[in-house]
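**Q** Could you have a look at this structure, given as structure tokens, before my questions?
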Amino acid sequence: MKKIYILIAITFFAIHIQAQETITVKSDGTVSKSIFNPEHKRSFSRKGDFYFHWGYNNSWYNKSDIRFQGPNYDFTLKDVVAHDRQSPLSWAYLNPGLISVPQYDIRFGYFIKDNYSVSIGWDHMKYVMDIPQNVAITGHIGANITPENVSTGALAGDYNGQTINVKESMLTFEHTDGFNYANIEVERYDDIWVAPGGNTSLTLETGLGGGLMIPRSDVRLFGLGRNNHWNIAGYGLSAKMGLKFYVWRHVYLQNTTKIGATNLSKIHTTGWDDLDKASQKINYLENMTVIGFQF
């Protein structure tokens, strides 16, 4: 996974460095020159346009450490493995009342220049810790923890890297409603191919973004917990690269891959938000396919 991150990042920055050396953006709103120099040019400029798109994603996560803190406990699970939970292909993807159930992406943007835009978006991913799994653990678990004095049984003790088998009786841990990234992005566009008529084209999109992580975490710690309410748990940074195919002037299909790094310092766990919490840093790879409208 780390090799994928490095490859995408190198490609992304190489394109931007080349763009800085070879591109001049015209100030009169006409079509900007592309680093790919397609044979034909678009018949329109994007400057001043808005765009909106909606679609669905899959995501992959690096191993991460999760620290749990509260009354009479402070322990960390090392290199936790987790996956996404994409909904099976069903009517939920098309039913207007259910389209927010799968992992989705929504974005609204504005072209400040022909080949630059700014946008706001919501990436609704899902993160599910694999249970059961063997992990290393450090820290302390008291015999009774949390404000409700929940018994921890045989797992009580002090740990310094021992391996334990995490089962449902100890923990379930999910950001399934979801692993939400509310973000602002800046995007650049370079035409790869333009049809002779100038309305149909294939464009490379690259972008950088940052924002807040607002998960709704479903956690059970030694049986105590709940599907918590949404909260601002931390922040995230991301870079993306994708292909946008303009079917015609105002409609496009797009596939984009995004790499991201997040830092969640206050994850709700047992329902005692002022006393119990978890924290973790999650790196992810997200691929999304969307349909969009430019106007």
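The way I read the labels, and the way they are meant: chains A, B, ... in the order of the structure tokens, residue 1 as the first residue of every chain, and ligand 1 as the first ligand shown, with later ones counted on from there.
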Per residue of segment 155-244 of chain A within 12 Å of segment 286-289 of chain A, which atom pair is closest and at what distance in Å (one decimal), using only C-alpha atoms, listed by chain and increasing number, as JSON lines?
**A**
```
{"residue": "A:Phe179", "atom": "CA", "partner": "A:Glu286", "partner_atom": "CA", "distance": 11.8}
{"residue": "A:Tyr181", "atom": "CA", "partner": "A:Glu286", "partner_atom": "CA", "distance": 11.6}
{"residue": "A:Ser238", "atom": "CA", "partner": "A:Glu286", "partner_atom": "CA", "distance": 10.1}
{"residue": "A:Ala239", "atom": "CA", "partner": "A:Glu286", "partner_atom": "CA", "distance": 10.4}
{"residue": "A:Lys240", "atom": "CA", "partner": "A:Glu286", "partner_atom": "CA", "distance": 9.1}
{"residue": "A:Met241", "atom": "CA", "partner": "A:Asn287", "partner_atom": "CA", "distance": 9.8}
{"residue": "A:Gly242", "atom": "CA", "partner": "A:Met288", "partner_atom": "CA", "distance": 9.2}
{"residue": "A:Leu243", "atom": "CA", "partner": "A:Thr289", "partner_atom": "CA", "distance": 9.9}
{"residue": "A:Lys244", "atom": "CA", "partner": "A:Thr289", "partner_atom": "CA", "distance": 9.9}
```
**Q** Give me a file of those residues, with C-alpha atoms, as a PDB file, in the first residue's frame.
**A**
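Output saved as again16.pdb:
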```pdb
ATOM      1  CA  PHE A 179     -15.668   7.454   8.026  1.00  0.00           C
ATOM      2  CA  TYR A 181     -14.264  13.425   5.263  1.00  0.00           C
ATOM      3  CA  SER A 238      -5.477  14.302   0.624  1.00  0.00           C
ATOM      4  CA  ALA A 239      -4.209  14.302  -2.966  1.00  0.00           C
ATOM      5  CA  LYS A 240      -6.088  12.966  -5.970  1.00  0.00           C
ATOM      6  CA  MET A 241      -5.688  12.134  -9.638  1.00  0.00           C
ATOM      7  CA  GLY A 242      -8.366  11.030 -12.085  1.00  0.00           C
ATOM      8  CA  LEU A 243      -9.849  11.061 -15.559  1.00  0.00           C
ATOM      9  CA  LYS A 244     -12.906  13.118 -16.471  1.00  0.00           C
TER      10      LYS A 244
END
```
**Q** Hey, could you make a per-residue contact list for segment 175-201 of chain A against segment 111-130 of chain A with 8 Å as the cut-off, showing the nearest pair of atoms and its distance in Å to one decimal, counting only C-alpha atoms, sorted by chain and number, as CSV?
**A**
```
residue,atom,partner,partner_atom,distance
A:His175,CA,A:Tyr127,CA,4.9
A:Thr176,CA,A:Lys126,CA,4.6
A:Asp177,CA,A:Lys126,CA,6.9
A:Gly178,CA,A:Lys126,CA,5.0
A:Phe179,CA,A:Met125,CA,4.9
A:Asn180,CA,A:His124,CA,4.7
A:Tyr181,CA,A:Asp123,CA,5.0
A:Ala182,CA,A:Trp122,CA,4.7
A:Asn183,CA,A:Gly121,CA,5.5
A:Ile184,CA,A:Ile120,CA,4.5
A:Glu185,CA,A:Ser119,CA,5.3
A:Val186,CA,A:Val118,CA,4.6
A:Glu187,CA,A:Ser117,CA,5.2
A:Arg188,CA,A:Tyr116,CA,4.6
A:Tyr189,CA,A:Asn115,CA,4.8
A:Asp190,CA,A:Asn115,CA,6.8
```
**Q** Rounded to one decimal place, report the atom CA of Asn72 of chain A-atom CA of His140 of chain A distance in Å.
**A**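 Computing the Euclidean distance for atom CA of Asn72 of chain A and atom CA of His140 of chain A yields 7.9 Å.
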**Q** Of the residues A:Tyr252, A:Trp193, A:Phe295, A:Tyr104, which is the one nearest to Pro38 of chain A, using only C-alpha atoms?
**A**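 Once distances to Pro38 of chain A are computed over only C-alpha atoms, the minimum belongs to A:Trp193.
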**Q** Using DSSP on the backbone, list every residue of segment 187-273 of chain A that comes out as strand (DSSP E), and give them as an MDAnalysis selection string.
**A** chainID A and resid 187:194 201:213 217:221 224:227 234:248 251:267
**Q** Counting only C-alpha atoms, figure out which residue out of A:Leu77, A:Phe245, A:Gly225, A:Ile192 gets nearest to Val166 of chain A.
**A**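 Of all the options, A:Leu77 lies closest to Val166 of chain A.
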**Q** Could you please determine the separation between atom CA of Thr203 of chain A and atom CA of Phe44 of chain A in Å, to one decimal place?
**A**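 The value is 13.7 Å.
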**Q** Please determine, counting only C-alpha atoms, which residue among A:Ile267, A:Val247, A:Val80, A:Ile145 has the shortest atom-to-atom distance to Gly197 of chain A.
**A**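 Result for the nearest residue to Gly197 of chain A: A:Val247.
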**Q** Just to confirm, what's the straight-line distance from atom CA of Lys167 of chain A to atom CA of Gly236 of chain A in Å (one decimal)?
**A**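 Calculated distance between atom CA of Lys167 of chain A and atom CA of Gly236 of chain A is 29.4 Å.
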**Q** Here is a test: counting only C-alpha atoms, which residue of A:Tyr159, A:Tyr56, A:Ala278, A:Lys78 is nearest to Pro102 of chain A?
**A** A:Tyr56
**Q** Write out as a tab-separated table (two decimals) with N, CA, C and O atoms, in the first residue's frame all residues of segment 23-175 of chain A that backbone DSSP assigns to helix (DSSP H, G or I).
**A**
```
chain	number	residue	atom	x	y	z
A	91	TRP	N	-30.85	-2.05	-5.39
A	91	TRP	CA	-31.71	-0.91	-5.67
A	91	TRP	C	-31.31	0.32	-4.85
A	91	TRP	O	-31.63	1.45	-5.20
A	92	ALA	N	-30.57	0.11	-3.75
A	92	ALA	CA	-30.16	1.23	-2.90
A	92	ALA	C	-29.32	2.24	-3.68
A	92	ALA	O	-29.30	3.43	-3.33
A	93	TYR	N	-28.63	1.81	-4.74
A	93	TYR	CA	-27.80	2.72	-5.51
A	93	TYR	C	-28.63	3.67	-6.38
A	93	TYR	O	-28.14	4.70	-6.82
A	153	GLY	N	-12.39	-9.08	32.92
A	153	GLY	CA	-12.08	-10.50	33.05
A	153	GLY	C	-10.60	-10.81	32.94
A	153	GLY	O	-9.75	-10.14	33.53
A	154	ALA	N	-10.28	-11.84	32.14
A	154	ALA	CA	-8.90	-12.32	32.03
A	154	ALA	C	-7.99	-11.36	31.29
A	154	ALA	O	-6.76	-11.53	31.32
A	155	LEU	N	-8.54	-10.34	30.63
A	155	LEU	CA	-7.72	-9.39	29.88
A	155	LEU	C	-7.19	-8.26	30.75
A	155	LEU	O	-6.42	-7.42	30.28
```
**Q** Smallest atom-to-atom distance to Asn227 of chain A: which of A:Asp276, A:Thr172, A:Lys41, A:Thr206, using only C-alpha atoms?
**A**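 Checking each of A:Asp276, A:Thr172, A:Lys41, A:Thr206 against Asn227 of chain A, counting only C-alpha atoms, the winner is A:Thr172.
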